[in-house]
Structure formats: structure tokens, C-alpha cells
Amino acid sequence: MKVIVSDSYEEMSKKAADLFKSLLVEKPQSKLGLATGSTPVGLYENLVKAQKDGEISFHWAKSVNLDEYVGIDPKNEQSYQYFMDENLFNKVNIKKENTHLPKADTNDEKYAKEYDKVLDEMGPRDIQILGLGNNGHIAFNEPADKLNKRTSIVKLTDETIKANSRFFKSEEDVPKYAISMGMADAFNAKTIIVLASGKNKFDAVKKIIEDDKIDTNFPASLLHLHPNCYLFVDKEAYEG
Ligand code: GLP
């Protein structure tokens with residue numbers, strides 16, 4: 001794993017975008033794995049600007065996203081579909097039909113199987129963006145003795161509900177379940193770009209860098225198994 005430390009969130013976002021851009025220029029028909037959360041917003045801003053400036057194009061790219069809340073309307077501002085539309089899809093020239101997010105109206109695992117089909121059709125990604133939960137979760141793969149290989153409906157931990165409540169009116173409004181890509185698919189990419197910013201990610205970042213054990217109770221530790229993983233962090237996440 002290569003760790004790239006930046007002085008600020010802005011610098012971190014720019015450096016991650018530079019890597020992303022160089023890979024997309026090399027292969028315009030790249031298959032992209034995209035992530036939501038507040039951390040990749042700066043990266044997406046840089047990509048939108050780069051396309052406006054003619055540096056990159058998403059015309060030939062295809063994308064899959066990691067996760068979505070169960071039972072949320074895609075037009076709801078808290079849905080990950082809305083996030084992706086607002087932060088990237090509506091602002092670049094990616095073809096809407098080439099973008100995919102998991103969707104589950106209920107807790108039925110049939111929705112997970114449907115998304116696995118989408119992932120199988122897409123095949124391995126060229127670039128995968130990942131954020132980091134405070135508890136080391138990847139997508140919505142929460143710490144556990146066993147982790148899902150493939151897409152599943154997952155019950156969110158109290159910690160994640162609390163962390164994500166900042167986007168909702170109250171903690172009660174946070175959906176209790178999500179549909180999430182499993183670990184095998186989340187890591188099925190040639191290059192993984194992980195982003196972590198701010199003091200509240202310090203413990204997780206420290207654990208990734210310093211702990212020499214792979215531990216399913218800290219899903220982010222599995223990143224060490226990937227041969228081409230870049231961890232972009234800002235000073236606050238690195239130093240606390
Ligand atoms: C959510 C998402 C994760 C994301 C994490 C961190 O729980 N399911 O994919 O990495 O939040 O979000 P943030 O970047 O807002 O800290």
C-alpha cells in the first residue's frame with residue numbers, strides 16, 4: 001500500500017484526482033468503481049473541472065457504485081443516487097445508462113443478486129474509489145467475524161448510523177439497512193484509491209498503517225492484500 005500524505009483536504013483531493021485522471025487518459029473506456037460520503041466530494045470537483053478543461057472525458061467510461069440505503073427514494077437528497085447525480089453524473093459526460101448503483105426497495109436478498117449480475121457483466125474495475133468508515137468499514141461492510149464476498153443487504157451498526165446521522169434530520173431518520181457490494185467485488189480493481197480526511201479518521205488510518213494484522217473486524221485492514229492500493233490522507237487524518 002502506498003500512503004500519500006497531504007497538508008490539506010484540497011491537496012489530498014487534487015493528488016487523488018491527478019492519479020485518477022492519468023489512469024482515465026491512459027484508458028478512456030475505464031470501468032470505474034465509485035464511492036459516496038463527504039470525503040470524495042473534492043475529488044469529484046477536480047474531475048468535473050478537468051473534464052470542463054478538456055483534460056479527460058467520461059464518454060467511454062462505465063461505473064458501478066458501492067452501496068445505497070435500503071428503501072430510500074433515489075430523489076431523496078440523502079440517497080447515494082442523488083449524491084452521485086449532484087456531484088458527478090449530472091456534471092460530466094458519462095452516459096447515464098452506463099452508471100449503476102445498487103437499489104433495494106426492501107431487505108429482500110433478491111436485490112443483492114440483481115446487483116451481482118450487474119457487477120458480473122461489468123467485470124473488474126480499472127479504478128476503484130473507496131472511503132473509510134470510522135470503524136474501518138469499506139462500503140457498508142461492517143466489522144464482523146465473517147465478511148460478505150458479494151453484494152448483500154446489511155444491518156448498519158449503531159456507530160455507522162451515528163456517524164451518518166450528520167446528513168439526516170435526526171438519528172432516527174437514518175435507514176437501518178443498506179445494500180452493499182461485498183469485499184471481493186469492492187477490491188476487484190486494478191487500482192484502488194482510498195481517501196481519508198479529518199481527525200475522526202485518525203484512529204482508522206493509524207490502524208491501517210501500523211497494525212500488522214489482517215482482521216475482518218477491521219475491514220480496511222484487508223486493503224493490504226491488494227497489490228496496487230493508494231491511500232490518500234490529509235494531515236488531520238494522519239496526525240490526529
Ligand atoms: C458511508 C459509506 C462508505 C463511506 C463512509 C465514509 O458509511 N457507506 O462507503 O466510505 O460513509 O464517509 P465519509 O467520507 O462521509 O466520512
# chains A, B, ... in the order shown; residues from 1 in each chain; ligands from 1
call {"tool": "select_by_dssp", "arguments": {"residues": "range 134-214 of chain A", "states": "strand (DSSP E)", "output": "list in words"}}
result
Ser152, Ile153, Val154, Lys155, Tyr177, Ala178, Ile179, Ser180, Ala189, Lys190, Thr191, Ile192, Ile193, Val194, Leu195 and Ala196 of chain A
call {"tool": "residues_near_ligand", "arguments": {"ligand": "ligand 1", "cutoff": "9 Å", "atoms": "only C-alpha atoms and all ligand atoms", "output": "ChimeraX atom specification"}}
result
/A:35-41,66-69,80,130-134,136-141,156,160-161,163-164,167,178,180,194-198,200-201
call {"tool": "closest_atom_pairs", "arguments": {"of": "range 106-182 of chain A", "to": "range 208-218 of chain A", "cutoff": "6 Å", "atoms": "only C-alpha atoms", "output": "Markdown table"}}
result
| residue | atom | partner | partner_atom | distance |
| --- | --- | --- | --- | --- |
| A:Gly136 | CA | A:Phe218 | CA | 5.2 |
| A:Pro143 | CA | A:Asn217 | CA | 4.1 |
| A:Ala144 | CA | A:Asn217 | CA | 4.8 |
| A:Asp145 | CA | A:Thr216 | CA | 5.8 |
call {"tool": "write_last_selection", "arguments": {"atoms": "N, CA and C atoms", "output": "PDB file, in the first residue's frame"}}
result
ATOM      1  N   GLY A 136     -13.576   1.477  10.258  1.00  0.00           N
ATOM      2  CA  GLY A 136     -12.832   0.687   9.273  1.00  0.00           C
ATOM      3  C   GLY A 136     -13.721  -0.004   8.256  1.00  0.00           C
ATOM      4  N   PRO A 143     -17.513  -4.157  10.490  1.00  0.00           N
ATOM      5  CA  PRO A 143     -16.646  -5.106  11.192  1.00  0.00           C
ATOM      6  C   PRO A 143     -17.429  -6.338  11.645  1.00  0.00           C
ATOM      7  N   ALA A 144     -16.877  -7.521  11.387  1.00  0.00           N
ATOM      8  CA  ALA A 144     -17.555  -8.774  11.760  1.00  0.00           C
ATOM      9  C   ALA A 144     -16.557  -9.921  11.667  1.00  0.00           C
ATOM     10  N   ASP A 145     -16.922 -11.062  12.266  1.00  0.00           N
ATOM     11  CA  ASP A 145     -16.029 -12.221  12.176  1.00  0.00           C
ATOM     12  C   ASP A 145     -15.959 -12.772  10.761  1.00  0.00           C
TER      13      ASP A 145
END
call {"tool": "closest_residue", "arguments": {"among": "A:Ala112, A:Leu147, A:Ile153, A:Ala237", "to": "Leu222 in chain A", "atoms": "only C-alpha atoms"}}
result
A:Leu147
call {"tool": "residues_around", "arguments": {"residues": "Asp158 in chain A", "least_positions_apart": "6", "cutoff": "12 Å", "atoms": "only C-alpha atoms", "output": "list in words"}}
result
Asn134, Asn135, Glu142, Pro143, Asn164, Ser165, Glu171, Glu172, Val174, Pro175, Lys176 and Tyr177 of chain A
call {"tool": "closest_residue", "arguments": {"among": "A:Val154, A:Ile192, A:Val48, A:Leu24", "to": "Val92 in chain A", "atoms": "only C-alpha atoms"}}
result
A:Val48
call {"tool": "atom_distance", "arguments": {"atom1": "CA of Asp234 in chain A", "atom2": "CA of Tyr9 in chain A"}}
result
5.6 Å
call {"tool": "closest_residue", "arguments": {"among": "A:Lys15, A:Pro102, A:Lys21, A:Met1", "to": "Leu225 in chain A", "atoms": "only C-alpha atoms"}}
result
A:Met1
call {"tool": "closest_atom_pairs", "arguments": {"of": "range 48-144 of chain A", "to": "range 29-33 of chain A", "cutoff": "9 Å", "atoms": "only C-alpha atoms", "output": "Markdown table"}}
result
| residue | atom | partner | partner_atom | distance |
| --- | --- | --- | --- | --- |
| A:Phe58 | CA | A:Gln29 | CA | 7.9 |
| A:His59 | CA | A:Gln29 | CA | 7.9 |
| A:Trp60 | CA | A:Gln29 | CA | 4.5 |
| A:Ala61 | CA | A:Gln29 | CA | 4.6 |
| A:Lys62 | CA | A:Lys31 | CA | 4.9 |
| A:Ser63 | CA | A:Leu32 | CA | 4.5 |
| A:Val64 | CA | A:Gly33 | CA | 5.1 |
| A:Asn65 | CA | A:Gly33 | CA | 5.7 |
| A:Leu66 | CA | A:Gly33 | CA | 7.1 |
| A:Met122 | CA | A:Lys31 | CA | 7.5 |
| A:Gly123 | CA | A:Lys31 | CA | 8.3 |
| A:Pro124 | CA | A:Lys31 | CA | 7.5 |
| A:Arg125 | CA | A:Lys31 | CA | 4.7 |
| A:Asp126 | CA | A:Lys31 | CA | 5.3 |
| A:Ile127 | CA | A:Leu32 | CA | 5.2 |
| A:Gln128 | CA | A:Gly33 | CA | 4.2 |
| A:Ile129 | CA | A:Gly33 | CA | 5.9 |
| A:Leu130 | CA | A:Gly33 | CA | 8.3 |
call {"tool": "write_last_selection", "arguments": {"atoms": "N, CA and C atoms", "output": "PDB file, in the first residue's frame"}}
result
ATOM      1  N   PHE A  58     -15.457  11.308 -19.850  1.00  0.00           N
ATOM      2  CA  PHE A  58     -16.117  10.107 -19.307  1.00  0.00           C
ATOM      3  C   PHE A  58     -16.982   9.431 -20.372  1.00  0.00           C
ATOM      4  N   HIS A  59     -16.876   9.904 -21.605  1.00  0.00           N
ATOM      5  CA  HIS A  59     -17.774   9.432 -22.666  1.00  0.00           C
ATOM      6  C   HIS A  59     -17.770   7.901 -22.811  1.00  0.00           C
ATOM      7  N   TRP A  60     -16.592   7.303 -22.680  1.00  0.00           N
ATOM      8  CA  TRP A  60     -16.471   5.857 -22.899  1.00  0.00           C
ATOM      9  C   TRP A  60     -16.444   5.075 -21.584  1.00  0.00           C
ATOM     10  N   ALA A  61     -16.527   5.789 -20.462  1.00  0.00           N
ATOM     11  CA  ALA A  61     -16.393   5.124 -19.153  1.00  0.00           C
ATOM     12  C   ALA A  61     -17.714   4.503 -18.707  1.00  0.00           C
ATOM     13  N   LYS A  62     -17.590   3.500 -17.844  1.00  0.00           N
ATOM     14  CA  LYS A  62     -18.767   2.882 -17.219  1.00  0.00           C
ATOM     15  C   LYS A  62     -18.518   2.874 -15.726  1.00  0.00           C
ATOM     16  N   SER A  63     -19.596   2.907 -14.946  1.00  0.00           N
ATOM     17  CA  SER A  63     -19.348   2.930 -13.498  1.00  0.00           C
ATOM     18  C   SER A  63     -20.320   2.059 -12.712  1.00  0.00           C
ATOM     19  N   VAL A  64     -19.817   1.602 -11.591  1.00  0.00           N
ATOM     20  CA  VAL A  64     -20.666   0.954 -10.581  1.00  0.00           C
ATOM     21  C   VAL A  64     -20.388   1.645  -9.256  1.00  0.00           C
ATOM     22  N   ASN A  65     -21.400   1.738  -8.430  1.00  0.00           N
ATOM     23  CA  ASN A  65     -21.205   2.319  -7.093  1.00  0.00           C
ATOM     24  C   ASN A  65     -21.221   1.232  -6.035  1.00  0.00           C
ATOM     25  N   LEU A  66     -20.713   1.597  -4.877  1.00  0.00           N
ATOM     26  CA  LEU A  66     -20.538   0.609  -3.810  1.00  0.00           C
ATOM     27  C   LEU A  66     -21.826   0.243  -3.084  1.00  0.00           C
ATOM     28  N   MET A 122     -20.118  -6.228 -15.762  1.00  0.00           N
ATOM     29  CA  MET A 122     -19.098  -5.175 -15.844  1.00  0.00           C
ATOM     30  C   MET A 122     -17.684  -5.763 -15.772  1.00  0.00           C
ATOM     31  N   GLY A 123     -17.487  -6.755 -14.943  1.00  0.00           N
ATOM     32  CA  GLY A 123     -16.145  -7.334 -14.763  1.00  0.00           C
ATOM     33  C   GLY A 123     -15.285  -6.440 -13.889  1.00  0.00           C
ATOM     34  N   PRO A 124     -13.983  -6.757 -13.774  1.00  0.00           N
ATOM     35  CA  PRO A 124     -13.112  -5.996 -12.871  1.00  0.00           C
ATOM     36  C   PRO A 124     -13.036  -4.519 -13.250  1.00  0.00           C
ATOM     37  N   ARG A 125     -12.958  -3.675 -12.245  1.00  0.00           N
ATOM     38  CA  ARG A 125     -12.824  -2.244 -12.493  1.00  0.00           C
ATOM     39  C   ARG A 125     -11.362  -1.878 -12.768  1.00  0.00           C
ATOM     40  N   ASP A 126     -11.181  -0.793 -13.500  1.00  0.00           N
ATOM     41  CA  ASP A 126      -9.824  -0.265 -13.692  1.00  0.00           C
ATOM     42  C   ASP A 126      -9.430   0.598 -12.508  1.00  0.00           C
ATOM     43  N   ILE A 127     -10.392   1.376 -12.012  1.00  0.00           N
ATOM     44  CA  ILE A 127     -10.129   2.265 -10.873  1.00  0.00           C
ATOM     45  C   ILE A 127     -11.254   2.086  -9.862  1.00  0.00           C
ATOM     46  N   GLN A 128     -10.918   1.896  -8.617  1.00  0.00           N
ATOM     47  CA  GLN A 128     -11.934   1.822  -7.564  1.00  0.00           C
ATOM     48  C   GLN A 128     -11.656   2.896  -6.519  1.00  0.00           C
ATOM     49  N   ILE A 129     -12.623   3.771  -6.302  1.00  0.00           N
ATOM     50  CA  ILE A 129     -12.524   4.776  -5.229  1.00  0.00           C
ATOM     51  C   ILE A 129     -13.151   4.184  -3.975  1.00  0.00           C
ATOM     52  N   LEU A 130     -12.485   4.352  -2.848  1.00  0.00           N
ATOM     53  CA  LEU A 130     -13.051   3.887  -1.580  1.00  0.00           C
ATOM     54  C   LEU A 130     -12.905   4.960  -0.507  1.00  0.00           C
TER      55      LEU A 130
END
call {"tool": "atom_distance", "arguments": {"atom1": "CA of Gly182 in chain A", "atom2": "CA of Thr151 in chain A"}}
result
4.7 Å
call {"tool": "residues_around", "arguments": {"residues": "Phe202 in chain A", "least_positions_apart": "4", "cutoff": "7 Å", "atoms": "only C-alpha atoms", "output": "ChimeraX atom specification"}}
result
/A:206,237-240
call {"tool": "write_last_selection", "arguments": {"atoms": "N, CA and C atoms", "output": "mmCIF file, in the first residue's frame"}}
result
data_model
loop_
_atom_site.group_PDB
_atom_site.id
_atom_site.type_symbol
_atom_site.label_atom_id
_atom_site.label_comp_id
_atom_site.auth_asym_id
_atom_site.auth_seq_id
_atom_site.Cartn_x
_atom_site.Cartn_y
_atom_site.Cartn_z
ATOM 1 N N LYS A 206 -4.444 5.219 11.425
ATOM 2 C CA LYS A 206 -3.320 4.725 12.232
ATOM 3 C C LYS A 206 -3.324 3.185 12.258
ATOM 4 N N ALA A 237 -6.015 13.486 9.294
ATOM 5 C CA ALA A 237 -6.282 12.046 9.390
ATOM 6 C C ALA A 237 -4.999 11.285 9.717
ATOM 7 N N TYR A 238 -3.871 11.851 9.308
ATOM 8 C CA TYR A 238 -2.587 11.173 9.508
ATOM 9 C C TYR A 238 -2.000 11.429 10.899
ATOM 10 N N GLU A 239 -2.205 12.682 11.366
ATOM 11 C CA GLU A 239 -1.552 13.045 12.633
ATOM 12 C C GLU A 239 -2.527 13.168 13.817
ATOM 13 N N GLY A 240 -3.801 13.270 13.508
ATOM 14 C CA GLY A 240 -4.817 13.381 14.562
ATOM 15 C C GLY A 240 -5.020 14.797 15.032
#
call {"tool": "closest_residue", "arguments": {"among": "A:Asn228, A:Ser8, A:Asn148, A:Thr191", "to": "Leu23 in chain A", "atoms": "only C-alpha atoms"}}
result
A:Thr191
call {"tool": "closest_atom_pairs", "arguments": {"of": "range 76-115 of chain A", "to": "range 42-45 of chain A", "cutoff": "10 Å", "atoms": "only C-alpha atoms", "output": "tab-separated table"}}
result
residue	atom	partner	partner_atom	distance
A:Met84	CA	A:Tyr44	CA	9.4
A:Asn87	CA	A:Tyr44	CA	6.5
A:Leu88	CA	A:Tyr44	CA	6.2
A:Phe89	CA	A:Tyr44	CA	9.8
A:Lys91	CA	A:Glu45	CA	9.4
A:Val92	CA	A:Tyr44	CA	9.9
call {"tool": "write_last_selection", "arguments": {"atoms": "N, CA and C atoms", "output": "PDB file, in the first residue's frame"}}
result
ATOM      1  N   MET A  84     -24.557  11.017  -6.232  1.00  0.00           N
ATOM      2  CA  MET A  84     -23.750  10.809  -7.438  1.00  0.00           C
ATOM      3  C   MET A  84     -24.216  11.714  -8.574  1.00  0.00           C
ATOM      4  N   ASN A  87     -23.034  15.338  -7.611  1.00  0.00           N
ATOM      5  CA  ASN A  87     -21.590  15.582  -7.520  1.00  0.00           C
ATOM      6  C   ASN A  87     -20.799  15.184  -8.756  1.00  0.00           C
ATOM      7  N   LEU A  88     -21.380  14.275  -9.555  1.00  0.00           N
ATOM      8  CA  LEU A  88     -20.611  13.844 -10.723  1.00  0.00           C
ATOM      9  C   LEU A  88     -21.449  13.633 -11.991  1.00  0.00           C
ATOM     10  N   PHE A  89     -22.409  12.717 -11.921  1.00  0.00           N
ATOM     11  CA  PHE A  89     -23.063  12.274 -13.167  1.00  0.00           C
ATOM     12  C   PHE A  89     -23.702  13.419 -13.956  1.00  0.00           C
ATOM     13  N   LYS A  91     -22.756  16.386 -14.037  1.00  0.00           N
ATOM     14  CA  LYS A  91     -21.785  17.432 -14.356  1.00  0.00           C
ATOM     15  C   LYS A  91     -20.711  16.986 -15.340  1.00  0.00           C
ATOM     16  N   VAL A  92     -20.698  15.698 -15.668  1.00  0.00           N
ATOM     17  CA  VAL A  92     -19.719  15.210 -16.651  1.00  0.00           C
ATOM     18  C   VAL A  92     -20.458  14.482 -17.772  1.00  0.00           C
TER      19      VAL A  92
END
call {"tool": "select_by_dssp", "arguments": {"residues": "range 14-230 of chain A", "states": "helix (DSSP H, G or I)", "output": "PyMOL selection string"}}
result
chain A and resi 14-26+41-52+80-89+96-98+110-122+158-167+171-173+183-186+199-210+219-225
